[in-house]
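A.B. asks: Contents of structure_1.cif (mmCIF, C-alpha atoms) are below:
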data_data
#
loop_
_atom_site.group_PDB
_atom_site.id
_atom_site.type_symbol
_atom_site.label_atom_id
_atom_site.label_comp_id
_atom_site.auth_asym_id
_atom_site.auth_seq_id
_atom_site.Cartn_x
_atom_site.Cartn_y
_atom_site.Cartn_z
ATOM 1 C CA MET A 1 -8.808 -56.300 114.461
ATOM 2 C CA ARG A 2 -6.593 -53.366 115.375
ATOM 3 C CA ARG A 3 -4.789 -51.869 112.422
ATOM 4 C CA HIS A 4 -1.128 -51.107 112.910
ATOM 5 C CA ASP A 5 0.052 -47.689 111.817
ATOM 6 C CA PRO A 6 3.224 -48.230 109.765
ATOM 7 C CA ARG A 7 4.358 -44.716 110.705
ATOM 8 C CA ALA A 8 4.266 -45.497 114.436
ATOM 9 C CA ALA A 9 7.598 -45.937 116.180
ATOM 10 C CA PRO A 10 8.500 -49.571 116.966
ATOM 11 C CA ALA A 11 7.345 -50.604 120.433
ATOM 12 C CA PRO A 12 10.818 -51.790 121.568
ATOM 13 C CA LEU A 13 12.224 -48.396 120.584
ATOM 14 C CA LEU A 14 9.565 -46.650 122.686
ATOM 15 C CA LEU A 15 10.374 -48.851 125.687
ATOM 16 C CA LEU A 16 14.101 -48.212 125.340
ATOM 17 C CA ALA A 17 13.464 -44.482 124.995
ATOM 18 C CA GLY A 18 11.444 -44.596 128.209
ATOM 19 C CA MET A 19 14.290 -46.290 130.074
ATOM 20 C CA ILE A 20 16.808 -43.790 128.710
ATOM 21 C CA SER A 21 14.604 -40.904 129.816
ATOM 22 C CA LEU A 22 14.300 -42.455 133.267
ATOM 23 C CA GLN A 23 18.063 -42.806 133.690
ATOM 24 C CA PHE A 24 18.746 -39.317 132.329
ATOM 25 C CA GLY A 25 16.286 -38.021 134.912
ATOM 26 C CA SER A 26 17.997 -40.013 137.677
ATOM 27 C CA ALA A 27 21.390 -38.647 136.621
ATOM 28 C CA PHE A 28 20.021 -35.107 136.466
ATOM 29 C CA ALA A 29 18.595 -35.545 139.976
ATOM 30 C CA LYS A 30 22.135 -36.145 141.258
ATOM 31 C CA THR A 31 23.030 -32.606 140.201
ATOM 32 C CA LEU A 32 20.442 -31.341 142.705
ATOM 33 C CA PHE A 33 22.015 -33.083 145.676
ATOM 34 C CA GLU A 34 24.469 -30.264 146.474
ATOM 35 C CA GLN A 35 21.561 -27.873 147.024
ATOM 36 C CA THR A 36 18.745 -30.098 148.242
ATOM 37 C CA GLY A 37 20.454 -33.273 149.433
ATOM 38 C CA PRO A 38 18.977 -36.684 148.522
ATOM 39 C CA ALA A 39 15.994 -36.139 150.850
ATOM 40 C CA GLY A 40 15.075 -32.794 149.329
ATOM 41 C CA ALA A 41 15.392 -34.084 145.767
ATOM 42 C CA THR A 42 13.241 -37.085 146.672
ATOM 43 C CA LEU A 43 10.525 -34.953 148.228
ATOM 44 C CA LEU A 44 10.332 -32.541 145.284
ATOM 45 C CA ARG A 45 10.349 -35.351 142.756
ATOM 46 C CA LEU A 46 7.496 -37.160 144.514
ATOM 47 C CA LEU A 47 5.407 -33.996 144.839
ATOM 48 C CA PHE A 48 5.823 -33.006 141.191
ATOM 49 C CA SER A 49 5.370 -36.579 139.906
ATOM 50 C CA ALA A 50 2.173 -37.095 141.882
ATOM 51 C CA ALA A 51 0.779 -33.759 140.692
ATOM 52 C CA LEU A 52 1.611 -34.477 137.047
ATOM 53 C CA LEU A 53 0.177 -38.007 137.057
ATOM 54 C CA CYS A 54 -3.020 -36.854 138.777
ATOM 55 C CA LEU A 55 -3.320 -34.087 136.199
ATOM 56 C CA PHE A 56 -3.033 -36.552 133.315
ATOM 57 C CA SER A 57 -4.999 -39.519 134.684
ATOM 58 C CA ARG A 58 -7.583 -37.613 136.789
ATOM 59 C CA PRO A 59 -8.159 -40.443 139.330
ATOM 60 C CA ALA A 60 -11.400 -40.562 141.291
ATOM 61 C CA LEU A 61 -10.660 -39.486 144.867
ATOM 62 C CA ARG A 62 -13.277 -41.918 146.185
ATOM 63 C CA LEU A 63 -10.782 -44.684 145.367
ATOM 64 C CA LEU A 64 -8.614 -43.412 148.211
ATOM 65 C CA ARG A 65 -11.485 -44.100 150.581
ATOM 66 C CA THR A 66 -12.494 -47.465 149.149
ATOM 67 C CA ARG A 67 -8.989 -48.813 148.417
ATOM 68 C CA TRP A 68 -6.919 -47.192 151.154
ATOM 69 C CA ARG A 69 -5.897 -50.552 152.661
ATOM 70 C CA LEU A 70 -4.137 -51.289 149.384
ATOM 71 C CA LEU A 71 -2.989 -47.808 148.363
ATOM 72 C CA LEU A 72 -1.451 -46.947 151.736
ATOM 73 C CA PRO A 73 1.141 -49.766 151.802
ATOM 74 C CA TYR A 74 1.650 -49.310 148.045
ATOM 75 C CA GLY A 75 2.532 -45.640 148.548
ATOM 76 C CA ALA A 76 4.612 -46.404 151.642
ATOM 77 C CA VAL A 77 6.760 -48.908 149.789
ATOM 78 C CA PHE A 78 7.255 -46.428 146.972
ATOM 79 C CA THR A 79 8.319 -43.754 149.481
ATOM 80 C CA VAL A 80 10.951 -46.070 150.991
ATOM 81 C CA MET A 81 12.137 -47.101 147.531
ATOM 82 C CA GLN A 82 12.527 -43.486 146.393
ATOM 83 C CA PHE A 83 14.385 -42.224 149.472
ATOM 84 C CA ALA A 84 16.693 -45.262 149.449
ATOM 85 C CA PHE A 85 17.389 -44.939 145.711
ATOM 86 C CA TYR A 86 18.423 -41.280 145.904
ATOM 87 C CA GLU A 87 20.491 -41.884 149.037
ATOM 88 C CA ALA A 88 22.287 -44.719 147.250
ATOM 89 C CA THR A 89 22.902 -42.703 144.074
ATOM 90 C CA SER A 90 24.336 -39.852 146.162
ATOM 91 C CA ARG A 91 27.062 -42.247 147.319
ATOM 92 C CA LEU A 92 27.555 -44.770 144.485
ATOM 93 C CA PRO A 93 27.617 -44.703 140.672
ATOM 94 C CA LEU A 94 24.182 -44.782 139.061
ATOM 95 C CA GLY A 95 24.890 -47.995 137.128
ATOM 96 C CA VAL A 96 25.965 -49.787 140.311
ATOM 97 C CA VAL A 97 22.837 -48.734 142.203
ATOM 98 C CA VAL A 98 20.499 -49.850 139.423
ATOM 99 C CA THR A 99 22.320 -53.189 139.213
ATOM 100 C CA LEU A 100 22.104 -53.766 142.970
ATOM 101 C CA GLU A 101 18.445 -52.825 142.802
ATOM 102 C CA PHE A 102 17.872 -55.924 140.694
ATOM 103 C CA SER A 103 18.703 -58.135 143.684
ATOM 104 C CA GLY A 104 15.163 -57.866 145.063
ATOM 105 C CA PRO A 105 13.227 -58.891 141.926
ATOM 106 C CA LEU A 106 15.724 -61.676 141.163
ATOM 107 C CA LEU A 107 15.317 -63.072 144.665
ATOM 108 C CA LEU A 108 11.553 -62.897 144.165
ATOM 109 C CA ALA A 109 11.986 -64.852 140.922
ATOM 110 C CA ALA A 110 13.922 -67.565 142.753
ATOM 111 C CA LEU A 111 11.344 -67.862 145.515
ATOM 112 C CA THR A 112 8.276 -67.930 143.253
ATOM 113 C CA SER A 113 9.540 -69.925 140.296
ATOM 114 C CA ARG A 114 9.185 -73.702 140.014
ATOM 115 C CA ARG A 115 11.922 -73.953 137.399
ATOM 116 C CA ALA A 116 15.323 -75.175 138.568
ATOM 117 C CA LEU A 117 17.012 -73.197 135.793
ATOM 118 C CA ASP A 118 15.783 -69.944 137.321
ATOM 119 C CA ARG A 119 17.686 -70.731 140.506
ATOM 120 C CA LEU A 120 20.855 -71.104 138.438
ATOM 121 C CA TRP A 121 20.220 -67.701 136.884
ATOM 122 C CA VAL A 122 19.806 -66.209 140.345
ATOM 123 C CA LEU A 123 23.089 -67.779 141.442
ATOM 124 C CA LEU A 124 24.764 -66.083 138.474
ATOM 125 C CA ALA A 125 23.208 -62.780 139.505
ATOM 126 C CA ALA A 126 24.262 -63.305 143.122
ATOM 127 C CA ALA A 127 27.840 -63.922 141.996
ATOM 128 C CA GLY A 128 27.735 -60.690 140.018
ATOM 129 C CA LEU A 129 26.335 -58.757 142.976
ATOM 130 C CA LEU A 130 28.981 -60.160 145.323
ATOM 131 C CA VAL A 131 31.734 -59.224 142.907
ATOM 132 C CA LEU A 132 30.234 -55.781 142.466
ATOM 133 C CA GLY A 133 29.944 -55.158 146.197
ATOM 134 C CA GLY A 134 33.546 -56.213 146.748
ATOM 135 C CA THR A 135 35.165 -54.101 144.037
ATOM 136 C CA ARG A 136 37.354 -51.123 144.820
ATOM 137 C CA GLY A 137 35.643 -47.771 145.084
ATOM 138 C CA LEU A 138 32.445 -49.246 146.527
ATOM 139 C CA ASP A 139 33.480 -49.087 150.161
ATOM 140 C CA ASP A 140 30.479 -47.059 151.328
ATOM 141 C CA PRO A 141 28.379 -49.403 153.519
ATOM 142 C CA VAL A 142 25.525 -46.884 153.774
ATOM 143 C CA GLY A 143 25.342 -46.571 149.990
ATOM 144 C CA LEU A 144 25.399 -50.340 149.509
ATOM 145 C CA ALA A 145 22.741 -50.839 152.191
ATOM 146 C CA ALA A 146 20.550 -48.144 150.612
ATOM 147 C CA ALA A 147 20.862 -49.782 147.176
ATOM 148 C CA LEU A 148 19.893 -53.182 148.584
ATOM 149 C CA LEU A 149 17.010 -51.578 150.492
ATOM 150 C CA THR A 150 15.831 -50.151 147.170
ATOM 151 C CA GLY A 151 15.782 -53.673 145.765
ATOM 152 C CA ALA A 152 13.848 -54.990 148.761
ATOM 153 C CA ALA A 153 11.320 -52.153 148.476
ATOM 154 C CA LEU A 154 11.013 -52.802 144.755
ATOM 155 C CA THR A 155 10.100 -56.413 145.510
ATOM 156 C CA GLY A 156 7.264 -55.260 147.750
ATOM 157 C CA TYR A 157 6.253 -52.724 145.138
ATOM 158 C CA ILE A 158 6.011 -55.465 142.490
ATOM 159 C CA LEU A 159 3.801 -57.642 144.671
ATOM 160 C CA LEU A 160 1.552 -54.760 145.738
ATOM 161 C CA GLY A 161 1.518 -53.287 142.234
ATOM 162 C CA ALA A 162 -0.022 -56.448 140.830
ATOM 163 C CA ARG A 163 -2.862 -56.198 143.368
ATOM 164 C CA VAL A 164 -3.363 -52.480 142.757
ATOM 165 C CA GLY A 165 -3.521 -53.109 139.014
ATOM 166 C CA ARG A 166 -6.366 -55.575 139.508
ATOM 167 C CA ALA A 167 -8.256 -53.382 141.980
ATOM 168 C CA VAL A 168 -7.856 -49.900 140.478
ATOM 169 C CA PRO A 169 -8.591 -49.260 136.784
ATOM 170 C CA GLY A 170 -6.303 -47.536 134.296
ATOM 171 C CA GLY A 171 -3.514 -45.284 135.496
ATOM 172 C CA ALA A 172 -5.413 -44.208 138.614
ATOM 173 C CA GLY A 173 -3.618 -46.735 140.830
ATOM 174 C CA LEU A 174 -0.164 -45.338 140.063
ATOM 175 C CA ALA A 175 -1.326 -41.724 140.360
ATOM 176 C CA LEU A 176 -2.980 -42.337 143.719
ATOM 177 C CA GLY A 177 -0.085 -44.482 144.939
ATOM 178 C CA LEU A 178 2.369 -41.676 144.126
ATOM 179 C CA SER A 179 0.061 -39.187 145.834
ATOM 180 C CA VAL A 180 0.109 -41.289 148.996
ATOM 181 C CA ALA A 181 3.906 -41.556 148.704
ATOM 182 C CA ALA A 182 4.229 -37.770 148.394
ATOM 183 C CA VAL A 183 2.074 -37.211 151.497
ATOM 184 C CA LEU A 184 4.104 -39.750 153.489
ATOM 185 C CA ALA A 185 7.337 -38.116 152.320
ATOM 186 C CA LEU A 186 6.381 -34.745 153.830
ATOM 187 C CA PRO A 187 7.009 -35.800 157.472
ATOM 188 C CA ALA A 188 9.774 -38.267 156.537
ATOM 189 C CA ALA A 189 12.018 -35.906 154.585
ATOM 190 C CA PRO A 190 12.955 -33.568 157.487
ATOM 191 C CA THR A 191 14.236 -36.516 159.521
ATOM 192 C CA LEU A 192 16.588 -37.427 156.643
ATOM 193 C CA GLY A 193 18.327 -34.066 156.300
ATOM 194 C CA LEU A 194 15.974 -31.703 154.510
ATOM 195 C CA PRO A 195 17.523 -28.283 153.679
ATOM 196 C CA PRO A 196 15.787 -24.994 154.583
ATOM 197 C CA LEU A 197 12.493 -24.290 152.821
ATOM 198 C CA ALA A 198 14.025 -21.238 151.155
ATOM 199 C CA VAL A 199 16.433 -23.534 149.294
ATOM 200 C CA LEU A 200 13.721 -25.939 148.149
ATOM 201 C CA THR A 201 11.570 -23.114 146.807
ATOM 202 C CA GLU A 202 14.269 -21.391 144.758
ATOM 203 C CA PRO A 203 13.053 -21.062 141.143
ATOM 204 C CA GLY A 204 16.097 -22.866 139.771
ATOM 205 C CA VAL A 205 15.662 -25.791 142.172
ATOM 206 C CA LEU A 206 11.947 -26.066 141.429
ATOM 207 C CA ALA A 207 12.583 -25.979 137.676
ATOM 208 C CA ALA A 208 15.219 -28.698 137.970
ATOM 209 C CA ALA A 209 12.936 -30.850 140.152
ATOM 210 C CA LEU A 210 10.097 -30.449 137.650
ATOM 211 C CA THR A 211 12.454 -31.555 134.877
ATOM 212 C CA VAL A 212 13.405 -34.624 136.910
ATOM 213 C CA ALA A 213 9.725 -35.461 137.460
ATOM 214 C CA VAL A 214 8.976 -35.147 133.741
ATOM 215 C CA LEU A 215 11.970 -37.261 132.710
ATOM 216 C CA THR A 216 11.401 -39.974 135.335
ATOM 217 C CA THR A 217 7.609 -40.094 135.304
ATOM 218 C CA VAL A 218 5.710 -38.399 132.486
ATOM 219 C CA VAL A 219 7.976 -39.356 129.578
ATOM 220 C CA PRO A 220 8.481 -43.029 130.603
ATOM 221 C CA PHE A 221 4.780 -43.277 131.504
ATOM 222 C CA SER A 222 3.707 -42.048 128.064
ATOM 223 C CA LEU A 223 6.246 -44.050 126.045
ATOM 224 C CA GLU A 224 5.760 -47.303 127.937
ATOM 225 C CA PHE A 225 1.989 -46.910 127.858
ATOM 226 C CA ALA A 226 2.187 -46.800 124.053
ATOM 227 C CA ALA A 227 4.765 -49.606 123.810
ATOM 228 C CA LEU A 228 3.002 -52.085 126.092
ATOM 229 C CA ARG A 229 -0.107 -52.045 123.908
ATOM 230 C CA ARG A 230 1.737 -54.039 121.245
ATOM 231 C CA LEU A 231 4.825 -55.483 122.930
ATOM 232 C CA PRO A 232 4.893 -59.266 123.611
ATOM 233 C CA PRO A 233 5.629 -60.144 127.266
ATOM 234 C CA ARG A 234 8.890 -61.939 126.398
ATOM 235 C CA VAL A 235 10.249 -58.942 124.489
ATOM 236 C CA PHE A 236 9.196 -56.645 127.315
ATOM 237 C CA ALA A 237 11.003 -58.820 129.880
ATOM 238 C CA VAL A 238 14.191 -59.066 127.818
ATOM 239 C CA LEU A 239 14.368 -55.394 126.867
ATOM 240 C CA SER A 240 13.855 -54.311 130.470
ATOM 241 C CA THR A 241 17.010 -56.135 131.509
ATOM 242 C CA VAL A 242 19.283 -53.663 129.729
ATOM 243 C CA GLU A 243 18.452 -50.935 132.250
ATOM 244 C CA PRO A 244 21.627 -51.369 134.372
ATOM 245 C CA VAL A 245 23.697 -51.011 131.210
ATOM 246 C CA ILE A 246 21.774 -47.883 130.213
ATOM 247 C CA ALA A 247 22.235 -46.490 133.734
ATOM 248 C CA ALA A 248 25.978 -47.163 133.650
ATOM 249 C CA LEU A 249 26.349 -45.506 130.234
ATOM 250 C CA VAL A 250 24.275 -42.480 131.276
ATOM 251 C CA GLY A 251 26.304 -42.205 134.482
ATOM 252 C CA LEU A 252 29.493 -42.240 132.418
ATOM 253 C CA ALA A 253 28.248 -39.702 129.873
ATOM 254 C CA LEU A 254 26.600 -37.199 132.218
ATOM 255 C CA LEU A 255 28.346 -37.705 135.545
ATOM 256 C CA GLY A 256 31.763 -39.068 134.597
ATOM 257 C CA GLU A 257 31.140 -42.256 136.612
ATOM 258 C CA ARG A 258 33.547 -44.832 135.216
ATOM 259 C CA LEU A 259 33.101 -48.490 136.085
ATOM 260 C CA SER A 260 36.093 -50.815 136.154
ATOM 261 C CA PRO A 261 36.202 -53.857 133.830
ATOM 262 C CA LEU A 262 35.378 -56.081 136.818
ATOM 263 C CA GLN A 263 32.386 -53.933 137.697
ATOM 264 C CA TRP A 264 31.171 -54.068 134.092
ATOM 265 C CA ALA A 265 31.503 -57.870 134.197
ATOM 266 C CA ALA A 266 29.406 -57.966 137.366
ATOM 267 C CA VAL A 267 26.737 -55.748 135.789
ATOM 268 C CA LEU A 268 26.579 -58.015 132.736
ATOM 269 C CA CYS A 269 26.221 -61.093 134.980
ATOM 270 C CA VAL A 270 23.117 -59.579 136.548
ATOM 271 C CA VAL A 271 21.736 -58.523 133.153
ATOM 272 C CA GLY A 272 22.361 -62.007 131.743
ATOM 273 C CA ALA A 273 20.601 -63.617 134.689
ATOM 274 C CA ALA A 274 17.601 -61.318 134.285
ATOM 275 C CA ILE A 275 17.416 -62.092 130.558
ATOM 276 C CA GLY A 276 17.539 -65.822 131.251
ATOM 277 C CA THR A 277 14.819 -65.559 133.876
ATOM 278 C CA GLY A 278 12.536 -63.453 131.680
ATOM 279 C CA VAL A 279 12.955 -65.573 128.549
ATOM 280 C CA GLY A 280 12.523 -68.794 130.522
ATOM 281 C CA ALA A 281 9.286 -67.537 132.030
ATOM 282 C CA ALA A 282 7.890 -66.594 128.622
ATOM 283 C CA HIS A 283 8.860 -69.926 127.022
ATOM 284 C CA SER A 284 7.430 -72.014 129.858
ATOM 285 C CA THR A 285 4.037 -70.345 129.604
ATOM 286 C CA LYS A 286 3.938 -70.876 125.850
ATOM 287 C CA ALA A 287 4.434 -74.606 126.164
ATOM 288 C CA PRO A 288 1.122 -76.528 126.292
ATOM 289 C CA GLY A 289 0.172 -77.690 129.743
ATOM 290 C CA THR A 290 2.986 -75.859 131.474
ATOM 291 C CA ASP A 291 1.191 -72.719 132.623
ATOM 292 C CA THR A 292 1.338 -72.903 136.375
ATOM 293 C CA GLY A 293 -0.118 -69.477 136.954
ATOM 294 C CA PRO A 294 1.334 -66.061 137.480
ATOM 295 C CA ASP A 295 4.980 -65.839 138.432
ATOM 296 C CA PRO A 296 5.405 -62.232 139.515
ATOM 297 C CA GLY A 297 9.110 -62.445 140.125
ATOM 298 C CA ALA A 298 10.173 -63.969 136.850
ATOM 299 C CA ALA A 299 8.097 -61.701 134.667
ATOM 300 C CA ARG A 300 9.702 -58.589 136.055
ATOM 301 C CA ALA A 301 12.945 -59.887 137.455
ATOM 302 C CA SER A 302 14.448 -57.217 135.330
ATOM 303 C CA GLY A 303 12.719 -54.411 136.702
ATOM 304 C CA PRO A 304 13.165 -51.468 138.917
ATOM 305 C CA ALA A 305 10.237 -48.734 139.183
ATOM 306 C CA ARG A 306 11.710 -47.378 139.879
ATOM 307 C CA ASP A 307 8.060 -45.215 138.148
ATOM 308 C CA CYS A 308 5.732 -47.731 136.850
ATOM 309 C CA GLY A 309 2.773 -49.958 137.530
ATOM 310 C CA PRO A 310 1.569 -53.481 138.047
ATOM 311 C CA VAL A 311 3.809 -56.335 137.064
ATOM 312 C CA PRO A 312 2.546 -58.870 134.549
ATOM 313 C CA GLY A 313 2.979 -62.524 135.413
ATOM 314 C CA PRO A 314 3.868 -65.127 132.789
ATOM 315 C CA GLY A 315 0.973 -66.048 130.604
ATOM 316 C CA ARG A 316 -0.698 -62.672 131.011
ATOM 317 C CA ALA A 317 -0.407 -59.613 128.819
ATOM 318 C CA PRO A 318 1.621 -56.752 130.252
ATOM 319 C CA ALA A 319 -0.309 -54.161 132.188
ATOM 320 C CA ARG A 320 -1.613 -51.374 129.989
ATOM 321 C CA ARG A 321 0.419 -48.842 131.905
ATOM 322 C CA PRO A 322 4.109 -48.503 132.574
ATOM 323 C CA ARG A 323 6.223 -49.749 135.364
ATOM 324 C CA ALA A 324 6.920 -47.527 138.288
ATOM 325 C CA ARG A 325 10.439 -46.937 139.388
ATOM 326 C CA PRO A 326 12.598 -44.799 141.564
#
Output the structure of this file as structure tokens.

C.D. replies:
Amino acid sequence: MRRHDPRAAPAPLLLLAGMISLQFGSAFAKTLFEQTGPAGATLLRLLFSAALLCLFSRPALRLLRTRWRLLLPYGAVFTVMQFAFYEATSRLPLGVVVTLEFSGPLLLAALTSRRALDRLWVLLAAAGLLVLGGTRGLDDPVGLAAALLTGAALTGYILLGARVGRAVPGGAGLALGLSVAAVLALPAAPTLGLPPLAVLTEPGVLAAALTVAVLTTVVPFSLEFAALRRLPPRVFAVLSTVEPVIAALVGLALLGERLSPLQWAAVLCVVGAAIGTGVGAAHSTKAPGTDTGPDPGAARASGPARDCGPVPGPGRAPARRPRARP
């Protein structure tokens, strides 16, 4: 029986710290946009993140050859998700983008769940998203489309991440997936407005991009890896739903992005729907005779990767590695 170290930080605190680090990194990335643009920041973040994760996890390169049919679409989806996320955050407040990103996983929850109550939660989330998209100050159709594309890519990432987690051991799947994403980003970035190479290689820009990679990848990876060893699935699902609130608060504190009361109400509608979906999934799998198998949408309806790994379905323990997010 594993002995618990009373001096260890509580697992929920580690998970929350990982989410805060992720959002601080996303906010810090916005400060790069004037020099690098969203495409340049995305490319540098992917390159540094892939290098750091490969350094820490040391994946076997033969897995690229044996699992390329899985890792290629996995990396491609992550590339789309990352470019869309940074394009959206360059145009809209961080809290709004993270909230809109939840649309994909919540739709997945509605389509995969057999519980009627989950569809009611998704209707609540949809109402919040409609209100959010119609509020004043969010009249950028490209930004809104990019945020929704992030949510759609996240849905594909969740489905592929579950398969990668079963096929590739440990943290190698995420490291190799990010490596594929970084390679795919090299030809994609110039078509999306990449600045001159001299700008991207300035020491200050490289240092800032490395900081973003550490805050959005290494720190959340390490903290969530430790937390998920002892965090019950229901607690994990519920805690993950506070991410839009964290993003909105970080955006306010670091970027001066103020949401209106109506926008805050819309954000809380989406958070409430994600909490209801996650808690309902955990309760249904605890009840005898009600386990109908994995429900990938409900278990991580909360979640952008935005930098993490495979998504646990109800009735299964969370993956022993963190989620992947933009």

A.B. asks: Evaluated on this file, the PyMOL selection byres ((chain A and resi 259) around 10) picks out some residues - which ones are they, written as a list of chain:residue names?

C.D. replies: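 Applied to this file, the PyMOL selection byres ((chain A and resi 259) around 10) selects A:Pro93, A:Gly95, A:Val96, A:Thr135, A:Gly137, A:Ala248, A:Leu249, A:Gly251, A:Leu252, A:Gly256, A:Glu257, A:Arg258, A:Ser260, A:Pro261, A:Leu262, A:Gln263, A:Trp264, A:Ala265, A:Val267.
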
A.B. asks: Just checking: using all atoms listed in the file, which residue out of A:Ala167, A:Thr191, A:Leu120, A:Phe24 ends up closest to Arg69 in chain A?

C.D. replies: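 Comparing A:Ala167, A:Thr191, A:Leu120, A:Phe24 against Arg69 in chain A, the winner is A:Ala167.
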
A.B. asks: Pick from A:Ala207, A:Leu138, A:Cys54, A:Ile158: nearest to Ala109 in chain A, with all atoms listed in the file counted?

C.D. replies: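 That would be A:Ile158, the residue with the smallest distance to Ala109 in chain A.
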
A.B. asks: Can you list what the PyMOL selection byres ((chain A and resi 42) around 12) grabs from this structure, as a PyMOL selection string?

C.D. replies: chain A and resi 26+29-30+32-33+36-41+43-49+78-90+181-182+184-186+188-190+192-194+200+209-210+212-213+216+326

A.B. asks: As an exercise, work out the distance from CA of Pro244 in chain A to CA of Val98 in chain A in Å and give it to one decimal place.

C.D. replies: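 For CA of Pro244 in chain A relative to CA of Val98 in chain A, the distance reads 5.4 Å.
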
A.B. asks: Counting all atoms listed in the file, select every polymer residue within 9 Å of (21.5, -52.4, 134.9) as defined in the file's coordinates, and provide the selection as an NGL selection string.

C.D. replies: :A and (95-102 or 241-248 or 267-268 or 270-271 or 302)

A.B. asks: Just to confirm, what's the straight-line distance from CA of Ser21 in chain A to CA of Pro220 in chain A in Å (one decimal)?

C.D. replies: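 Between CA of Ser21 in chain A and CA of Pro220 in chain A the gap works out to 6.5 Å.
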
A.B. asks: Would you mind telling me which residue in A:Ala127, A:Leu94, A:Ala273, A:Val218 lies nearest to Ala175 in chain A when using only C-alpha atoms?

C.D. replies: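 The closest residue to Ala175 in chain A is A:Val218.
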
A.B. asks: Between A:Val164, A:Leu159, A:Leu215, A:Leu92, which one has atoms that come closest to Ala147 in chain A, using only C-alpha atoms?

C.D. replies: A:Leu92

A.B. asks: One decimal, Å: what's the distance from CA of Leu149 in chain A over to CA of Pro195 in chain A, could you say?

C.D. replies: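 Interatomic distance, CA of Leu149 in chain A to CA of Pro195 in chain A: 23.5 Å.
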
A.B. asks: Which is closest to Val205 in chain A among A:Asp140, A:Glu224, A:Glu34, A:Asp118, if we use all atoms listed in the file?

C.D. replies: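 Comparing A:Asp140, A:Glu224, A:Glu34, A:Asp118 against Val205 in chain A, the winner is A:Glu34.
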
A.B. asks: Quick check on the file I pasted: which residues fall under the PyMOL selection byres ((chain A and resi 60) around 12)? Write them as a list in words.

C.D. replies: Cys54, Leu55, Ser57, Arg58, Pro59, Leu61, Arg62, Leu63, Leu64, Arg65, Thr66, Arg67, Val168, Pro169, Gly170, Gly171, Ala172, Gly173, Ala175 and Leu176 of chain A

A.B. asks: Keeping only C-alpha atoms, write the selected residues as a compact mmCIF listing (two decimals), in the frame of the given file.

C.D. replies:
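The resulting file, selection-v3.txt, is reproduced below:
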# COMPACT_ATOMS: atom_id res chain seq x y z
CA CYS A 54 -3.02 -36.85 138.78
CA LEU A 55 -3.32 -34.09 136.20
CA SER A 57 -5.00 -39.52 134.68
CA ARG A 58 -7.58 -37.61 136.79
CA PRO A 59 -8.16 -40.44 139.33
CA LEU A 61 -10.66 -39.49 144.87
CA ARG A 62 -13.28 -41.92 146.18
CA LEU A 63 -10.78 -44.68 145.37
CA LEU A 64 -8.61 -43.41 148.21
CA ARG A 65 -11.48 -44.10 150.58
CA THR A 66 -12.49 -47.46 149.15
CA ARG A 67 -8.99 -48.81 148.42
CA VAL A 168 -7.86 -49.90 140.48
CA PRO A 169 -8.59 -49.26 136.78
CA GLY A 170 -6.30 -47.54 134.30
CA GLY A 171 -3.51 -45.28 135.50
CA ALA A 172 -5.41 -44.21 138.61
CA GLY A 173 -3.62 -46.74 140.83
CA ALA A 175 -1.33 -41.72 140.36
CA LEU A 176 -2.98 -42.34 143.72

A.B. asks: Provide an axis-aligned box for all listed atoms of range 239-251 of chain A, padding each side by 4 Å; report its centre and its edge lengths in Å to one decimal, as AutoDock Vina command-line options.

C.D. replies:
--center_x 20.1 --center_y -49.2 --center_z 130.7 --size_x 20.5 --size_y 21.9 --size_z 15.6

A.B. asks: Counting all atoms listed in the file, which of A:Ala208, A:Leu52, A:Ala125, A:Ala27 gets nearest to Gly104 in chain A?

C.D. replies: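 Smallest separation from Gly104 in chain A among the options: A:Ala125.
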
A.B. asks: What's around Leu13 in chain A at 10 Å? Count all atoms listed in the file, leave out sequence neighbours fewer than 6 positions away in its own chain, and write the answer as a list in words.

C.D. replies: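 With the cut-off at 10 Å, the set is Met19, Leu223, Glu224, Ala227 and Leu239 of chain A.
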
A.B. asks: Place a sphere of radius 12 Å on (21.7, -69.3, 141.3) in the file coordinates and name every protein, DNA or RNA residue with an atom inside or on its surface, counting only C-alpha atoms; give the answer as a list in words.

C.D. replies: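 Neighbouring residues, ordered by chain and number, come to Ser103, Leu106, Leu107, Ala109, Ala110, Leu111, Arg115, Ala116, Leu117, Asp118, Arg119, Leu120, Trp121, Val122, Leu123, Leu124, Ala125, Ala126, Ala127, Gly128, Leu129, Cys269, Val270, Ala273, Ala274, Gly276 and Thr277 of chain A.
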
A.B. asks: Since we have the selection now, will you write its residues out, keeping C-alpha atoms, as a short mmCIF file (atom, residue, chain, number, x, y, z; two decimals), in the coordinates of the input?

C.D. replies:
data_model
loop_
_atom_site.label_atom_id
_atom_site.label_comp_id
_atom_site.auth_asym_id
_atom_site.auth_seq_id
_atom_site.Cartn_x
_atom_site.Cartn_y
_atom_site.Cartn_z
CA SER A 103 18.70 -58.14 143.68
CA LEU A 106 15.72 -61.68 141.16
CA LEU A 107 15.32 -63.07 144.66
CA ALA A 109 11.99 -64.85 140.92
CA ALA A 110 13.92 -67.56 142.75
CA LEU A 111 11.34 -67.86 145.51
CA ARG A 115 11.92 -73.95 137.40
CA ALA A 116 15.32 -75.18 138.57
CA LEU A 117 17.01 -73.20 135.79
CA ASP A 118 15.78 -69.94 137.32
CA ARG A 119 17.69 -70.73 140.51
CA LEU A 120 20.86 -71.10 138.44
CA TRP A 121 20.22 -67.70 136.88
CA VAL A 122 19.81 -66.21 140.34
CA LEU A 123 23.09 -67.78 141.44
CA LEU A 124 24.76 -66.08 138.47
CA ALA A 125 23.21 -62.78 139.50
CA ALA A 126 24.26 -63.30 143.12
CA ALA A 127 27.84 -63.92 142.00
CA GLY A 128 27.74 -60.69 140.02
CA LEU A 129 26.34 -58.76 142.98
CA CYS A 269 26.22 -61.09 134.98
CA VAL A 270 23.12 -59.58 136.55
CA ALA A 273 20.60 -63.62 134.69
CA ALA A 274 17.60 -61.32 134.28
CA GLY A 276 17.54 -65.82 131.25
CA THR A 277 14.82 -65.56 133.88
#
